[in-house]
>>> print(open('data_6.cif').read())   # mmCIF, C-alpha atoms
data_run
loop_
_atom_site.label_atom_id
_atom_site.label_comp_id
_atom_site.auth_asym_id
_atom_site.auth_seq_id
_atom_site.Cartn_x
_atom_site.Cartn_y
_atom_site.Cartn_z
CA MET K 1 -46.35 348.06 94.22
CA ARG K 2 -46.19 344.30 94.45
CA LEU K 3 -42.70 343.91 93.01
CA PHE K 4 -41.20 345.58 96.08
CA GLY K 5 -43.14 343.24 98.36
CA LEU K 6 -41.05 340.39 96.94
CA VAL K 7 -38.00 341.91 98.64
CA VAL K 8 -39.65 341.28 102.01
CA THR K 9 -41.60 338.09 101.31
CA ALA K 10 -40.11 336.13 98.41
CA ALA K 11 -37.13 334.90 100.47
CA VAL K 12 -39.51 332.22 101.77
CA CYS K 13 -37.94 329.98 99.13
CA LEU K 14 -34.61 330.38 100.88
CA TRP K 15 -35.97 330.06 104.40
CA LEU K 16 -37.52 326.70 103.52
CA ALA K 17 -34.54 324.33 103.59
CA GLY K 18 -33.62 322.36 100.51
CA CYS K 19 -34.53 324.60 97.58
CA ALA K 20 -33.31 322.98 94.37
CA ARG K 21 -30.28 324.79 92.97
CA ALA K 22 -27.57 324.51 90.32
CA ARG K 23 -23.83 325.15 90.33
CA VAL K 24 -22.29 325.22 86.86
CA THR K 25 -18.53 325.40 86.21
CA THR K 26 -16.75 325.82 82.88
CA THR K 27 -13.02 325.02 82.97
CA ILE K 28 -11.15 326.27 79.91
CA GLN K 29 -7.92 324.39 79.30
CA ALA K 30 -4.72 325.60 77.61
CA ASP K 31 -5.66 324.21 74.18
CA GLY K 32 -9.18 325.65 74.32
CA ALA K 33 -10.91 322.40 75.21
CA TRP K 34 -13.36 322.94 78.04
CA VAL K 35 -14.85 320.85 80.79
CA ARG K 36 -18.45 321.48 81.71
CA SER K 37 -19.61 320.51 85.20
CA VAL K 38 -23.28 320.81 86.18
CA VAL K 39 -24.07 320.10 89.84
CA LEU K 40 -27.76 319.90 90.73
CA SER K 41 -28.88 319.70 94.35
CA GLY K 42 -32.27 319.36 95.98
CA GLN K 43 -34.46 317.39 98.31
CA GLU K 44 -35.56 313.86 97.59
CA LYS K 45 -39.13 313.32 96.47
CA LYS K 46 -41.28 312.49 99.48
CA GLU K 47 -44.94 312.38 100.37
CA MET K 48 -46.37 315.78 101.35
CA GLN K 49 -43.28 317.53 99.94
CA VAL K 50 -43.46 321.34 100.38
CA THR K 51 -40.44 322.65 98.49
CA PRO K 52 -39.73 321.78 94.84
CA THR K 53 -37.46 318.74 94.54
CA LEU K 54 -34.56 318.25 92.17
CA GLU K 55 -36.80 316.30 89.77
CA ASP K 56 -39.53 318.95 89.99
CA THR K 57 -37.07 321.68 89.05
CA PHE K 58 -34.50 320.48 86.50
CA VAL K 59 -34.28 318.56 83.28
CA THR K 60 -31.00 316.71 83.78
CA PRO K 61 -28.29 316.72 81.07
CA SER K 62 -28.35 313.67 78.84
CA GLY K 63 -26.78 312.30 75.69
CA ALA K 64 -23.37 311.19 74.51
CA GLY K 65 -20.33 312.41 76.38
CA TRP K 66 -21.90 313.07 79.76
CA LYS K 67 -20.61 311.32 82.85
CA SER K 68 -22.77 311.40 85.96
CA ASN K 69 -22.50 310.75 89.66
CA GLU K 70 -25.04 310.82 92.50
CA GLU K 71 -24.54 311.50 96.19
CA LYS K 72 -27.00 311.59 99.08
CA LYS K 73 -26.69 313.34 102.42
CA SER K 74 -29.63 313.32 104.81
CA ASP K 75 -32.65 314.26 102.68
CA GLU K 76 -30.67 315.96 99.92
CA ARG K 77 -29.55 314.53 96.61
CA THR K 78 -26.69 315.90 94.53
CA LEU K 79 -26.31 314.92 90.88
CA THR K 80 -23.05 315.83 89.11
CA PHE K 81 -22.77 315.79 85.32
CA GLU K 82 -19.49 316.36 83.49
CA ARG K 83 -18.49 316.54 79.86
CA THR K 84 -15.41 317.62 77.88
CA LEU K 85 -15.82 319.61 74.65
CA ALA K 86 -13.45 320.94 72.01
CA SER K 87 -12.75 324.63 71.44
CA GLY K 88 -15.49 326.09 69.29
CA ALA K 89 -18.09 323.57 70.45
CA SER K 90 -21.42 324.66 71.90
CA LEU K 91 -23.97 323.22 74.29
CA GLN K 92 -27.69 323.83 74.51
CA GLY K 93 -30.03 322.98 77.36
CA ASP K 94 -27.61 321.48 79.88
CA VAL K 95 -29.18 323.95 82.31
CA ALA K 96 -32.94 323.57 81.85
CA ILE K 97 -35.56 324.50 84.44
CA LYS K 98 -39.01 322.99 84.18
CA GLY K 99 -42.14 325.04 83.65
CA PRO K 100 -45.62 324.57 85.13
CA GLY K 101 -46.91 322.10 82.53
CA PRO K 102 -45.77 318.81 81.00
CA SER K 103 -42.84 319.22 78.58
CA LYS K 104 -42.70 322.96 79.27
CA LEU K 105 -39.58 324.88 80.29
CA ARG K 106 -39.17 328.07 82.30
CA LEU K 107 -35.55 328.62 81.37
CA THR K 108 -32.88 327.12 79.15
CA ASN K 109 -29.34 328.02 78.06
CA GLU K 110 -26.75 328.01 75.31
CA VAL K 111 -22.99 328.12 75.93
CA THR K 112 -19.95 328.32 73.66
CA VAL K 113 -16.18 328.62 74.06
CA THR K 114 -14.49 330.06 70.97
CA ARG K 115 -10.87 330.85 70.09
CA LEU K 116 -9.96 334.53 69.73
CA GLY K 117 -6.21 334.06 69.33
CA PRO K 118 -3.37 331.58 69.92
CA HIS K 119 -3.94 331.51 73.68
CA ARG K 120 -7.10 333.56 74.11
CA PHE K 121 -10.64 332.20 74.34
CA GLU K 122 -14.12 333.62 74.89
CA TYR K 123 -16.77 332.00 77.06
CA ARG K 124 -20.30 333.12 76.30
CA GLU K 125 -23.46 331.77 77.92
CA THR K 126 -26.99 332.96 77.29
CA LEU K 127 -29.89 332.21 79.62
CA LYS K 128 -33.25 332.36 77.86
CA TRP K 129 -36.63 332.64 79.55
CA LYS K 130 -39.26 330.32 78.10
CA GLY K 131 -42.08 330.83 80.57
CA GLN K 132 -44.41 333.72 81.22
CA PRO K 133 -42.93 336.62 83.25
CA GLU K 134 -43.93 335.92 86.84
CA HIS K 135 -42.14 338.56 88.88
CA MET K 136 -42.88 341.73 86.99
CA LEU K 137 -44.84 344.59 88.46
CA GLU K 138 -48.57 343.93 88.61
CA ILE K 139 -50.16 347.17 87.47
CA LYS K 140 -53.45 347.74 89.25
CA PRO K 141 -55.57 350.90 89.32
CA GLU K 142 -54.41 351.70 92.84
CA THR K 143 -50.79 351.33 91.71
CA LEU K 144 -51.33 353.88 88.96
CA ASP K 145 -53.02 356.21 91.45
CA GLU K 146 -50.03 355.96 93.80
CA ILE K 147 -47.61 356.81 91.02
CA LYS K 148 -49.72 359.72 89.77
CA SER K 149 -50.04 361.16 93.27
CA ALA K 150 -46.25 361.42 93.47
CA LEU K 151 -45.87 363.15 90.08
CA PRO K 152 -46.32 366.87 89.39
CA LYS K 153 -49.87 367.61 88.29
CA GLN K 154 -48.97 368.32 84.67
CA LEU K 155 -47.30 364.88 84.37
CA ALA K 156 -49.82 362.85 86.41
CA THR K 157 -51.49 360.96 83.57
CA ASP K 158 -52.40 357.29 83.28
CA ALA K 159 -50.03 356.93 80.32
CA ASN K 160 -47.08 358.38 82.25
CA ALA K 161 -47.84 356.28 85.33
CA ARG K 162 -48.12 353.07 83.33
CA ALA K 163 -44.90 353.76 81.40
CA LEU K 164 -43.05 354.46 84.66
CA ALA K 165 -44.40 351.25 86.22
CA ASP K 166 -43.24 349.22 83.21
CA LYS K 167 -39.79 350.81 83.34
CA MET K 168 -39.55 350.17 87.07
CA ALA K 169 -40.33 346.49 86.60
CA GLU K 170 -37.69 346.14 83.88
CA LEU K 171 -34.97 347.90 85.87
CA SER K 172 -35.78 346.14 89.14
CA VAL K 173 -35.47 342.55 87.87
CA PRO K 174 -31.63 342.45 87.91
CA MET K 175 -31.59 344.31 91.24
CA LEU K 176 -33.68 341.58 92.87
CA PHE K 177 -32.59 338.47 90.99
CA GLY K 178 -29.04 339.17 89.73
CA PRO K 179 -26.58 338.58 88.20
CA GLY K 180 -24.32 340.29 90.68
CA ASP K 181 -25.52 340.46 94.25
CA PRO K 182 -29.21 339.45 94.20
CA LEU K 183 -31.02 341.47 96.82
CA LEU K 184 -33.42 338.59 97.34
CA ALA K 185 -30.65 336.39 98.76
CA MET K 186 -29.93 338.85 101.56
CA GLY K 187 -33.32 338.14 103.09
CA LEU K 188 -32.10 334.72 104.24
CA LEU K 189 -29.73 335.95 106.96
CA HIS K 190 -30.73 339.58 107.54
CA PRO K 191 -34.19 340.56 106.30
CA ASP K 192 -34.06 344.00 107.95
CA LEU K 193 -30.83 344.78 106.12
CA ALA K 194 -32.41 343.53 102.90
CA VAL K 195 -35.22 346.06 103.30
CA ARG K 196 -32.69 348.83 103.96
CA ARG K 197 -30.61 347.87 100.90
CA ALA K 198 -33.80 347.75 98.87
CA GLY K 199 -34.48 351.38 99.76
CA GLN K 200 -31.01 352.37 98.61
CA ARG K 201 -31.18 350.49 95.33
CA ILE K 202 -34.79 351.26 94.53
CA GLY K 203 -34.02 354.95 95.01
CA ASP K 204 -31.33 354.81 92.34
CA VAL K 205 -33.50 352.73 90.00
CA LEU K 206 -36.47 355.06 90.41
CA GLN K 207 -34.47 358.19 89.75
CA LYS K 208 -32.93 356.60 86.66
CA ALA K 209 -36.38 355.59 85.39
CA LEU K 210 -37.74 359.07 86.02
CA GLU K 211 -34.84 360.68 84.19
CA GLN K 212 -35.26 358.34 81.22
CA GLN K 213 -38.99 358.93 81.02
CA PHE K 214 -39.32 362.65 81.75
CA GLY K 215 -35.90 364.13 81.04
CA ASP K 216 -35.77 367.84 81.93
CA GLN K 217 -39.50 367.95 82.75
CA LEU K 218 -38.48 366.93 86.27
CA THR K 219 -35.62 368.58 88.12
CA PRO K 220 -33.16 366.38 90.06
CA ALA K 221 -34.83 367.52 93.29
CA GLN K 222 -38.27 366.53 91.96
CA ARG K 223 -36.98 363.13 90.82
CA LYS K 224 -35.55 362.52 94.29
CA GLU K 225 -38.82 363.48 95.96
CA VAL K 226 -40.93 361.29 93.66
CA ALA K 227 -38.59 358.36 94.34
CA ARG K 228 -38.76 358.96 98.10
CA GLN K 229 -42.56 358.94 98.09
CA GLN K 230 -42.74 355.81 95.98
CA ILE K 231 -40.38 353.91 98.30
CA GLN K 232 -42.40 354.92 101.35
CA GLN K 233 -45.64 353.81 99.70
CA ALA K 234 -44.10 350.54 98.54
CA PHE K 235 -42.81 349.54 101.96
CA SER K 236 -46.02 350.63 103.66
CA SER K 237 -48.01 348.45 101.26
CA ALA K 238 -45.62 345.52 101.77
CA ARG K 239 -45.94 345.72 105.55
CA MET K 240 -49.72 345.85 105.41
CA SER K 241 -49.84 342.82 103.12
CA THR K 242 -47.51 340.72 105.27
CA SER K 243 -49.37 337.99 107.14
CA ASP K 244 -48.59 336.40 110.52
CA ASP K 245 -46.43 333.66 108.99
CA GLY K 246 -44.06 336.18 107.40
CA GLY K 247 -45.60 336.68 104.00
CA PRO K 248 -48.86 336.95 102.07
CA PRO K 249 -50.54 333.71 101.03
CA SER K 250 -49.26 334.10 97.48
CA ALA K 251 -45.64 334.59 98.51
CA LYS K 252 -44.82 330.94 99.01
CA LYS K 253 -46.30 330.02 95.66
CA GLU K 254 -44.46 332.81 93.86
CA SER K 255 -41.11 332.52 95.60
CA GLY K 256 -41.14 328.74 95.81
CA SER K 257 -40.50 328.59 92.06
CA LEU K 258 -37.33 330.67 92.29
CA THR K 259 -34.21 328.63 91.55
CA PRO K 260 -30.74 329.76 92.74
CA LEU K 261 -28.06 329.45 90.05
CA MET K 262 -24.29 329.87 90.26
CA PHE K 263 -22.09 329.95 87.16
CA SER K 264 -18.29 330.13 87.21
CA VAL K 265 -15.40 330.04 84.76
CA LYS K 266 -11.87 328.98 85.60
CA THR K 267 -8.65 328.40 83.67
CA PRO K 268 -5.00 327.52 84.35
CA GLY K 269 -4.23 330.94 82.86
CA HIS K 270 -6.00 334.12 83.91
CA ILE K 271 -9.22 336.06 83.32
CA VAL K 272 -8.65 338.97 80.93
CA SER K 273 -12.12 340.50 81.16
CA SER K 274 -15.64 339.52 82.18
CA ASN K 275 -19.07 340.89 83.07
CA GLY K 276 -19.04 338.68 86.19
CA GLU K 277 -17.32 339.00 89.55
CA LEU K 278 -13.71 337.96 90.03
CA ASP K 279 -12.76 335.79 93.00
CA GLU K 280 -9.18 336.92 93.63
CA LEU K 281 -8.41 333.93 95.85
CA SER K 282 -9.41 331.23 93.37
CA GLY K 283 -8.82 333.22 90.19
CA GLU K 284 -12.31 332.29 88.99
CA VAL K 285 -15.04 334.58 87.71
CA PHE K 286 -18.62 333.90 88.82
CA TRP K 287 -22.23 334.99 88.43
CA ALA K 288 -24.87 334.47 91.14
CA LEU K 289 -28.52 334.83 90.20
CA PHE K 290 -32.02 333.41 90.36
CA ASP K 291 -33.69 332.03 87.25
CA ALA K 292 -36.18 334.92 87.20
CA ALA K 293 -33.28 337.23 86.26
CA ALA K 294 -33.94 336.19 82.65
CA SER K 295 -37.68 336.93 82.79
CA ALA K 296 -37.29 340.49 81.45
CA HIS K 297 -34.66 339.75 78.80
CA ASP K 298 -31.89 337.26 78.02
CA VAL K 299 -29.04 337.16 80.53
CA VAL K 300 -25.64 336.95 78.80
CA LEU K 301 -22.54 335.87 80.74
CA THR K 302 -19.17 336.54 79.09
CA ALA K 303 -15.51 336.07 79.96
CA ILE K 304 -12.27 336.25 77.98
CA VAL K 305 -9.45 334.08 79.30
CA GLU K 306 -5.75 333.89 78.48
CA ALA K 307 -4.43 330.34 78.67
CA PRO K 308 -0.74 329.58 79.40
#
>>> encode(input="data_6.cif", output="structure tokens")
Amino acid sequence: MRLFGLVVTAAVCLWLAGCARARVTTTIQADGAWVRSVVLSGQEKKEMQVTPTLEDTFVTPSGAGWKSNEEKKSDERTLTFERTLASGASLQGDVAIKGPGPSKLRLTNEVTVTRLGPHRFEYRETLKWKGQPEHMLEIKPETLDEIKSALPKQLATDANARALADKMAELSVPMLFGPGDPLLAMGLLHPDLAVRRAGQRIGDVLQKALEQQFGDQLTPAQRKEVARQQIQQAFSSARMSTSDDGGPPSAKKESGSLTPLMFSVKTPGHIVSSNGELDELSGEVFWALFDAAASAHDVVLTAIVEAP
């Protein structure tokens, strides 16, 4: 199952220094006005460039109200864009990732900050996928055969195997690409631990998918056994497909297009609730993900803040 092979091989994007990335901060002030900061970093364009550069990856924010600054350090460029907006205002496309063709986008966004009460405001940002899904499960005949071999005979049909493969792809996207703790990122510092964590998380995802698809037709023990067999087959296939340079020939092409994104919200008040992660030290809430997180469905980031 090729999706699982990405856990082992797609971190090539991270191993190759200088992947283009974005850090986006929304600061909500006491009166509901908000400051938007978009920091884009990446390598300078050079001859025989291997990794995607900043220009290859992003459409930079433009238009009235934006202030910009550029810094260079070694071979890396950092562009910072900042703009102040009133409460209730919205932005579209200040985070825009280029697609494979001219004037095409892979991902874009929309963000608003609205007033809920005298001192309470809601941040809401939606990431929308514009390109073709690139990291979903590739369903081949051998993949269906593997799934059917793990199912009880009475359930081992092509239709059941295909439906389970589709569900697995959908559930696995956030596990690999975020938001939260993207499993893909772990491959940078500890690939063996990433594989181990993948086994833990894939087990849960598989059992959930099996329960959703088959209900009481599979007992909990049968669901666990089917999940165990699928994980073993997936990792065996991934190891066999790994080449001498650490990944199959297609891995660099596939993973090289992944773009790390970090969003955060801060306020002089406090965070009331959010679907992100709270940094207790800074008081900020944040979301870490790769752009492919939106390839299955829109990713919505929300936070409610109480201003002083």
>>> axis_aligned_box(input="data_6.cif", around="segment 104-115 of chain K", padding_each_side="4 Å", output="AutoDock Vina command-line options")
--center_x -26.8 --center_y 326.9 --center_z 76.2 --size_x 39.8 --size_y 15.9 --size_z 20.2
>>> resolve_selection(input="data_6.cif", expression="the PyMOL selection byres ((chain K and resi 69-85) around 7)", output="PDB file with C-alpha atoms, in the coordinates of the input")
ATOM      1  CA  ALA K  33     -10.910 322.400  75.210  1.00  0.00           C
ATOM      2  CA  TRP K  34     -13.360 322.940  78.040  1.00  0.00           C
ATOM      3  CA  VAL K  35     -14.850 320.850  80.790  1.00  0.00           C
ATOM      4  CA  ARG K  36     -18.450 321.480  81.710  1.00  0.00           C
ATOM      5  CA  SER K  37     -19.610 320.510  85.200  1.00  0.00           C
ATOM      6  CA  VAL K  38     -23.280 320.810  86.180  1.00  0.00           C
ATOM      7  CA  VAL K  39     -24.070 320.100  89.840  1.00  0.00           C
ATOM      8  CA  LEU K  40     -27.760 319.900  90.730  1.00  0.00           C
ATOM      9  CA  SER K  41     -28.880 319.700  94.350  1.00  0.00           C
ATOM     10  CA  GLY K  42     -32.270 319.360  95.980  1.00  0.00           C
ATOM     11  CA  GLN K  43     -34.460 317.390  98.310  1.00  0.00           C
ATOM     12  CA  GLU K  44     -35.560 313.860  97.590  1.00  0.00           C
ATOM     13  CA  GLY K  65     -20.330 312.410  76.380  1.00  0.00           C
ATOM     14  CA  TRP K  66     -21.900 313.070  79.760  1.00  0.00           C
ATOM     15  CA  LYS K  67     -20.610 311.320  82.850  1.00  0.00           C
ATOM     16  CA  SER K  68     -22.770 311.400  85.960  1.00  0.00           C
ATOM     17  CA  ALA K  86     -13.450 320.940  72.010  1.00  0.00           C
ATOM     18  CA  SER K  87     -12.750 324.630  71.440  1.00  0.00           C
ATOM     19  CA  ALA K  89     -18.090 323.570  70.450  1.00  0.00           C
TER      20      ALA K  89
END
>>> closest_atom_pairs(input="data_6.cif", of="segment 143-212 of chain K", to="segment 114-134 of chain K", cutoff="12 Å", atoms="only C-alpha atoms", output="JSON lines")
{"residue": "K:Ala169", "atom": "CA", "partner": "K:Pro133", "partner_atom": "CA", "distance": 10.7}
{"residue": "K:Glu170", "atom": "CA", "partner": "K:Pro133", "partner_atom": "CA", "distance": 10.9}
{"residue": "K:Val173", "atom": "CA", "partner": "K:Pro133", "partner_atom": "CA", "distance": 10.6}
{"residue": "K:Pro179", "atom": "CA", "partner": "K:Leu127", "partner_atom": "CA", "distance": 11.2}
>>> resolve_selection(input="data_6.cif", expression="the PyMOL selection byres ((chain K and resi 100) around 10)", output="list in words")
Asp56, Thr57, Lys98, Gly99, Gly101, Pro102, Ser103, Lys104, Leu105, Arg106, Gly131 and Ser257 of chain K
>>> atom_distance(input="data_6.cif", atom1="atom CA of Val265 of chain K", atom2="atom CA of Ser282 of chain K")
10.6 Å
>>> closest_residue(input="data_6.cif", among="K:Thr60, K:Thr26, K:Thr143, K:Gln217", to="Thr112 of chain K", atoms="all atoms listed in the file")
K:Thr26
>>> closest_residue(input="data_6.cif", among="K:Thr302, K:Leu278, K:Pro260, K:Ala165", to="Ala185 of chain K", atoms="all atoms listed in the file")
K:Pro260
>>> atom_distance(input="data_6.cif", atom1="atom CA of Val305 of chain K", atom2="atom CA of Phe263 of chain K")
15.4 Å
>>> resolve_selection(input="data_6.cif", expression="the PyMOL selection byres ((chain K and resi 298) around 10)", output="PyMOL selection string")
chain K and resi 107+109+126-129+293-297+299-301
>>> atom_distance(input="data_6.cif", atom1="atom CA of Arg21 of chain K", atom2="atom CA of Ser264 of chain K")
14.3 Å
>>> closest_residue(input="data_6.cif", among="K:Val226, K:Thr108, K:Leu155, K:Ala292", to="Leu176 of chain K", atoms="only C-alpha atoms")
K:Ala292
>>> closest_residue(input="data_6.cif", among="K:Pro174, K:Pro152, K:Gly93, K:Gly32", to="Phe58 of chain K", atoms="only C-alpha atoms")
K:Gly93
>>> residues_near_point(input="data_6.cif", point="(-36.0, 353.8, 96.3)", cutoff="10 Å", atoms="all atoms listed in the file", output="list in words")
Phe4, Arg196, Arg197, Ala198, Gly199, Gln200, Arg201, Ile202, Gly203, Asp204, Val205, Leu206, Gln207, Lys224, Val226, Ala227, Arg228, Gln229, Gln230, Ile231, Gln232, Ala234 and Phe235 of chain K
